[in-house]
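Colleague: Coordinates in model.txt, compact mmCIF, C-alpha atoms, are listed below.
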# COMPACT_ATOMS: atom_id res chain seq x y z
CA MET J 212 4.98 -12.13 17.69
CA SER J 213 6.71 -11.46 14.42
CA ARG J 214 8.51 -14.46 12.86
CA LEU J 215 11.39 -12.23 11.80
CA PRO J 216 13.01 -9.95 14.36
CA ILE J 217 12.07 -6.28 14.12
CA PRO J 218 15.07 -4.20 15.15
CA ASP J 219 14.69 -1.03 17.13
CA LEU J 220 16.23 2.11 15.67
CA ASP J 221 19.50 1.65 17.55
CA SER J 222 20.07 -1.95 16.45
CA ALA J 223 19.08 -1.47 12.79
CA PRO J 224 21.91 -1.81 10.26
CA GLU J 225 23.88 1.43 9.92
CA ALA J 226 23.08 1.65 6.20
CA SER J 227 19.35 1.67 7.01
CA LYS J 228 19.45 4.36 9.69
CA PRO J 229 19.30 7.43 7.41
CA ILE J 230 16.08 6.16 5.80
CA LEU J 231 14.59 5.16 9.14
CA ASN J 232 15.44 8.60 10.54
CA ALA J 233 13.72 10.22 7.54
CA VAL J 234 10.62 8.07 8.13
CA HIS J 235 10.68 9.07 11.80
CA LYS J 236 10.97 12.73 10.88
CA GLN J 237 8.03 12.45 8.46
CA LEU J 238 5.69 10.28 10.57
CA GLY J 239 6.87 10.94 14.12
CA THR J 240 7.39 7.18 14.49
CA VAL J 241 8.87 4.30 12.52
CA PRO J 242 6.26 1.61 11.84
CA ASN J 243 7.28 -2.02 12.37
CA MET J 244 7.16 -2.72 8.64
CA PHE J 245 9.90 -0.15 7.92
CA ARG J 246 12.06 -1.50 10.73
CA LEU J 247 11.53 -5.05 9.46
CA VAL J 248 12.50 -4.16 5.89
CA ALA J 249 15.49 -2.24 7.33
CA THR J 250 17.12 -5.57 8.19
CA SER J 251 18.05 -5.51 4.49
CA PRO J 252 19.43 -2.05 3.69
CA ALA J 253 19.12 -2.84 -0.05
CA ALA J 254 15.44 -3.78 0.26
CA LEU J 255 14.74 -0.70 2.38
CA GLU J 256 16.52 1.58 -0.08
CA GLY J 257 14.60 0.09 -3.01
CA PHE J 258 11.26 0.30 -1.20
CA ALA J 259 11.84 3.85 0.05
CA GLY J 260 12.99 5.03 -3.37
CA ASN J 261 10.00 3.49 -5.13
CA ASN J 262 7.60 4.76 -2.47
CA GLY J 263 9.04 8.27 -2.61
CA ALA J 264 8.90 8.42 -6.39
CA LEU J 265 5.30 7.18 -6.54
CA ALA J 266 4.26 9.69 -3.87
CA LYS J 267 4.96 12.38 -6.48
CA THR J 268 2.65 10.91 -9.11
CA LEU J 269 -0.84 9.64 -8.32
CA ASP J 270 -2.61 11.55 -5.54
CA VAL J 271 -2.58 10.19 -2.00
CA LYS J 272 -6.25 9.22 -2.07
CA THR J 273 -5.78 7.05 -5.16
CA ARG J 274 -2.63 5.44 -3.75
CA GLU J 275 -4.36 4.63 -0.46
CA ARG J 276 -7.44 3.30 -2.26
CA ILE J 277 -5.24 0.95 -4.30
CA ALA J 278 -3.30 -0.11 -1.19
CA LEU J 279 -6.54 -1.03 0.57
CA ALA J 280 -7.80 -3.07 -2.38
CA VAL J 281 -4.50 -4.94 -2.73
CA ALA J 282 -4.17 -5.64 1.01
CA GLN J 283 -7.70 -7.06 1.09
CA ILE J 284 -7.05 -9.28 -1.96
CA ASN J 285 -3.82 -10.60 -0.44
CA GLY J 286 -5.24 -10.97 3.07
CA CYS J 287 -2.57 -8.82 4.67
CA ASP J 288 -3.87 -7.63 8.04
CA TYR J 289 -0.77 -5.51 8.70
CA CYS J 290 -1.17 -3.51 5.48
CA LEU J 291 -4.94 -3.37 5.76
CA SER J 292 -4.56 -1.94 9.27
CA ALA J 293 -1.87 0.55 8.21
CA HIS J 294 -3.71 1.75 5.10
CA THR J 295 -7.04 2.00 6.89
CA TYR J 296 -5.32 4.28 9.41
CA LEU J 297 -3.53 6.26 6.68
CA GLY J 298 -6.66 6.37 4.54
CA LEU J 299 -8.68 7.89 7.37
CA ASN J 300 -6.01 10.20 8.80
CA LEU J 301 -3.75 11.14 5.90
CA ALA J 302 -5.90 10.79 2.78
CA LYS J 303 -9.09 11.77 4.64
CA LEU J 304 -11.14 8.94 3.12
CA THR J 305 -14.47 8.16 4.75
CA PRO J 306 -15.11 4.80 6.41
CA GLU J 307 -17.64 4.08 3.64
CA GLU J 308 -15.02 4.80 0.97
CA ILE J 309 -12.53 2.53 2.73
CA ASP J 310 -15.11 -0.26 2.69
CA ARG J 311 -15.60 0.27 -1.06
CA ASN J 312 -11.84 0.30 -1.60
CA ARG J 313 -11.47 -3.00 0.21
CA ARG J 314 -13.95 -4.42 -2.30
CA GLY J 315 -11.84 -3.04 -5.18
CA GLN J 316 -14.14 -0.09 -5.87
CA SER J 317 -14.45 3.63 -5.19
CA GLY J 318 -17.30 6.10 -4.86
CA ASP J 319 -15.27 8.54 -6.98
CA ALA J 320 -15.86 7.70 -10.66
CA LYS J 321 -12.30 8.28 -11.86
CA ALA J 322 -10.70 6.58 -8.86
CA ASP J 323 -13.10 3.65 -9.28
CA VAL J 324 -11.57 2.85 -12.67
CA ALA J 325 -8.04 2.91 -11.20
CA VAL J 326 -8.92 0.83 -8.13
CA ARG J 327 -10.83 -1.77 -10.14
CA PHE J 328 -7.91 -1.99 -12.58
CA ALA J 329 -5.30 -2.35 -9.82
CA ALA J 330 -7.39 -5.04 -8.13
CA LYS J 331 -7.69 -6.91 -11.43
CA VAL J 332 -3.94 -6.63 -12.05
CA VAL J 333 -3.28 -8.28 -8.68
CA ARG J 334 -6.02 -10.92 -8.87
CA GLU J 335 -5.25 -11.84 -12.50
CA ARG J 336 -1.45 -11.42 -12.24
CA GLY J 337 -1.41 -8.73 -14.89
CA GLN J 338 -3.69 -10.50 -17.35
CA VAL J 339 -5.86 -7.51 -18.25
CA SER J 340 -7.74 -6.79 -21.47
CA ASP J 341 -7.60 -4.05 -24.06
CA ILE J 342 -10.97 -2.93 -22.69
CA ASP J 343 -9.43 -2.48 -19.22
CA ILE J 344 -6.74 -0.21 -20.69
CA ALA J 345 -9.31 1.69 -22.75
CA GLU J 346 -11.43 2.30 -19.63
CA LEU J 347 -8.43 3.87 -17.90
CA ARG J 348 -7.70 6.11 -20.86
CA ASP J 349 -11.40 7.05 -21.16
CA ALA J 350 -11.35 8.01 -17.47
CA GLY J 351 -8.49 10.41 -18.19
CA TYR J 352 -5.46 8.38 -17.14
CA SER J 353 -2.33 8.79 -19.26
CA ASP J 354 -0.17 5.85 -20.26
CA GLY J 355 2.36 6.99 -17.65
CA GLN J 356 -0.34 6.95 -14.99
CA ILE J 357 -1.37 3.45 -16.05
CA VAL J 358 2.23 2.37 -15.41
CA GLU J 359 2.10 4.15 -12.04
CA ILE J 360 -1.13 2.36 -11.06
CA VAL J 361 0.59 -0.96 -11.76
CA ALA J 362 3.67 0.22 -9.83
CA VAL J 363 1.57 1.18 -6.78
CA ALA J 364 -0.19 -2.19 -6.92
CA ALA J 365 3.17 -4.00 -7.19
CA GLU J 366 4.68 -2.00 -4.34
CA ASN J 367 1.76 -3.02 -2.17
CA VAL J 368 2.10 -6.67 -3.17
CA PHE J 369 5.71 -6.46 -1.90
CA THR J 370 4.69 -5.01 1.46
CA ASN J 371 1.79 -7.48 1.74
CA LEU J 372 4.08 -10.43 1.11
CA ILE J 373 6.85 -9.31 3.47
CA ASN J 374 4.34 -8.69 6.26
CA ILE J 375 2.54 -11.98 5.68
CA VAL J 376 5.83 -13.92 5.62
CA ALA J 377 7.12 -12.18 8.74
CA GLN J 378 3.76 -12.07 10.52
CA THR J 379 4.73 -8.52 11.43
CA ASP J 380 3.31 -7.27 14.71
CA ILE J 381 0.59 -4.75 13.84
CA ASP J 382 1.29 -1.32 15.31
CA PHE J 383 -1.89 0.36 14.01
CA PRO J 384 -5.52 -0.15 15.06
CA VAL J 385 -6.10 -3.72 13.86
CA VAL J 386 -8.26 -4.38 10.80
CA SER J 387 -8.68 -7.97 9.66
CA ALA J 388 -8.99 -9.00 6.03
CA ALA J 389 -11.14 -11.90 7.24
CA GLU J 390 -13.76 -9.39 8.36
CA ALA J 391 -15.65 -8.67 5.17
CA ALA J 392 -15.62 -5.06 4.06
What do you get writing this file as structure tokens?

Modeller:
Amino acid sequence: MSRLPIPDLDSAPEASKPILNAVHKQLGTVPNMFRLVATSPAALEGFAGNNGALAKTLDVKTRERIALAVAQINGCDYCLSAHTYLGLNLAKLTPEEIDRNRRGQSGDAKADVAVRFAAKVVRERGQVSDIDIAELRDAGYSDGQIVEIVAVAAENVFTNLINIVAQTDIDFPVVSAAEAA
């Protein structure tokens, strides 16, 4: 059971309801993580705004690959479960690709550079080298996209931490970070 209460849609703060309704309209459901974050309308607004803006930049496959790598590094079963589901069903990643992503890699050469970089950013707390940046540029990423890769990684660190702190009940098919990819 979650350590922090997860409100249902009716008992969520009024200021959070428009965002929760938009999530419901888009997904057909409102995952526990969104309802948990909704207990703070400010946090939900910030998360939803960041998430919406980043959805317009890097492609969905790259964002999901990064999310999987970050969730594995941080040991977040909720996010690993959610992004495995989204990776398979939304981004149409293969199970083999998801396994590579959990290891901070990709079978796609360009995506591999981004996923390895995002994983290093998280593991090393941003302490990357000039060579790491050069590899991204050589792979065709613009400076703006480098910022977006860091932003996607940071957004996923936020969701990992909130779900680990809350021990959010997993409402996706369960995937455990403890089970090696």

Colleague: Go through J:Asn367, J:Thr379, J:Gln356, J:Ser387 and flag the residue nearest Arg246 (chain J), using all atoms listed in the file for the distances.

Modeller: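 Among the listed residues, J:Thr379 lies closest to Arg246 (chain J).
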
Colleague: So which one's closest to Arg214 (chain J), J:Asn374, J:Asn261, J:Asn300, J:Asn232? Using all atoms listed in the file, please.

Modeller: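 Once distances to Arg214 (chain J) are computed over all atoms listed in the file, the minimum belongs to J:Asn374.
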
Colleague: From the set J:His235, J:Pro218, J:Gln378, J:Thr370, which residue has the shortest atom-to-atom contact distance to His294 (chain J), counting all atoms listed in the file?

Modeller: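 Nearest to His294 (chain J): J:Thr370.
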
Colleague: Determine, counting all atoms listed in the file, which protein, DNA and RNA residues have an atom within 12 Å of an atom of region 346-349 of chain J; residues of the same chain fewer than 6 positions away are not included. Present the result as a list in words.

Modeller: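 Counting only the stated atoms, we get Ala320, Lys321, Ala322, Asp323, Val324, Ala325, Val326, Arg327, Phe328, Ala329, Val339, Ser340, Gly355, Gln356, Ile357, Val358, Ile360 and Val361 of chain J.
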
Colleague: Return as AutoDock Vina command-line options the centre and edge lengths, in Å with one decimal, of the box along x, y and z that encloses every atom of region 291-307 of chain J in the file, padded by 5 Å per side.

Modeller:
--center_x -9.8 --center_y 4.2 --center_z 6.1 --size_x 25.8 --size_y 25.1 --size_z 16.6

Colleague: Which residue is closest to Asn285 (chain J)? Choose from J:Arg334, J:Glu390, J:Gly351, J:Ala362 and count only C-alpha atoms.

Modeller: J:Arg334

Colleague: Counting all atoms listed in the file, what are the residues of region 299-340 of chain J within 8 Å of region 267-281 of chain J, and for each of them which pair of atoms is the nearest and at what distance in Å, to one decimal? Sort the table by chain and rising number, as a Markdown table.

Modeller:
| residue | atom | partner | partner_atom | distance |
| --- | --- | --- | --- | --- |
| J:Ala302 | CA | J:Lys272 | CA | 5.1 |
| J:Lys303 | CA | J:Lys272 | CA | 7.7 |
| J:Leu304 | CA | J:Lys272 | CA | 7.1 |
| J:Ile309 | CA | J:Arg276 | CA | 7.2 |
| J:Asn312 | CA | J:Ala280 | CA | 5.3 |
| J:Arg313 | CA | J:Ala280 | CA | 4.5 |
| J:Arg314 | CA | J:Ala280 | CA | 6.3 |
| J:Gly315 | CA | J:Ala280 | CA | 4.9 |
| J:Gln316 | CA | J:Ala280 | CA | 7.8 |
| J:Ser317 | CA | J:Arg276 | CA | 7.6 |
| J:Ala322 | CA | J:Thr273 | CA | 6.2 |
| J:Ala325 | CA | J:Thr273 | CA | 7.7 |
| J:Val326 | CA | J:Ile277 | CA | 5.3 |
| J:Ala329 | CA | J:Ile277 | CA | 6.4 |
| J:Ala330 | CA | J:Ala280 | CA | 6.1 |
| J:Val333 | CA | J:Val281 | CA | 6.9 |

Colleague: Let's have the selection written as an mmCIF file, in the coordinates of the input, with C-alpha atoms.

Modeller:
data_model
loop_
_atom_site.group_PDB
_atom_site.id
_atom_site.type_symbol
_atom_site.label_atom_id
_atom_site.label_comp_id
_atom_site.auth_asym_id
_atom_site.auth_seq_id
_atom_site.Cartn_x
_atom_site.Cartn_y
_atom_site.Cartn_z
ATOM 1 C CA ALA J 302 -5.900 10.790 2.780
ATOM 2 C CA LYS J 303 -9.090 11.770 4.640
ATOM 3 C CA LEU J 304 -11.140 8.940 3.120
ATOM 4 C CA ILE J 309 -12.530 2.530 2.730
ATOM 5 C CA ASN J 312 -11.840 0.300 -1.600
ATOM 6 C CA ARG J 313 -11.470 -3.000 0.210
ATOM 7 C CA ARG J 314 -13.950 -4.420 -2.300
ATOM 8 C CA GLY J 315 -11.840 -3.040 -5.180
ATOM 9 C CA GLN J 316 -14.140 -0.090 -5.870
ATOM 10 C CA SER J 317 -14.450 3.630 -5.190
ATOM 11 C CA ALA J 322 -10.700 6.580 -8.860
ATOM 12 C CA ALA J 325 -8.040 2.910 -11.200
ATOM 13 C CA VAL J 326 -8.920 0.830 -8.130
ATOM 14 C CA ALA J 329 -5.300 -2.350 -9.820
ATOM 15 C CA ALA J 330 -7.390 -5.040 -8.130
ATOM 16 C CA VAL J 333 -3.280 -8.280 -8.680
#

Colleague: In Å, how far is it from CA of Val376 (chain J) to CA of Leu299 (chain J)?

Modeller: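 Answer for the CA of Val376 (chain J) to CA of Leu299 (chain J) separation: 26.3 Å.
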
Colleague: What separation in Å, quoted to one decimal, exists between CA of Glu366 (chain J) and CA of Lys331 (chain J)?

Modeller: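 Separation of CA of Glu366 (chain J) and CA of Lys331 (chain J): 15.1 Å.
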
Colleague: State, in Å with one decimal place, the distance from CA of Phe245 (chain J) to CA of Thr305 (chain J).

Modeller: 25.9 Å

Colleague: Kindly indicate which residue among J:Pro252, J:Gly286, J:Gly257, J:Gly318 lies nearest to Pro224 (chain J), using all atoms listed in the file for the distances.

Modeller: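 Going through J:Pro252, J:Gly286, J:Gly257, J:Gly318 one by one, the smallest distance to Pro224 (chain J) is for J:Pro252.
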
Colleague: Restricting the calculation to all atoms listed in the file: of J:Ile284, J:Glu359, J:Phe383, J:Leu255, which residue gets closest to Glu335 (chain J)?

Modeller: J:Ile284
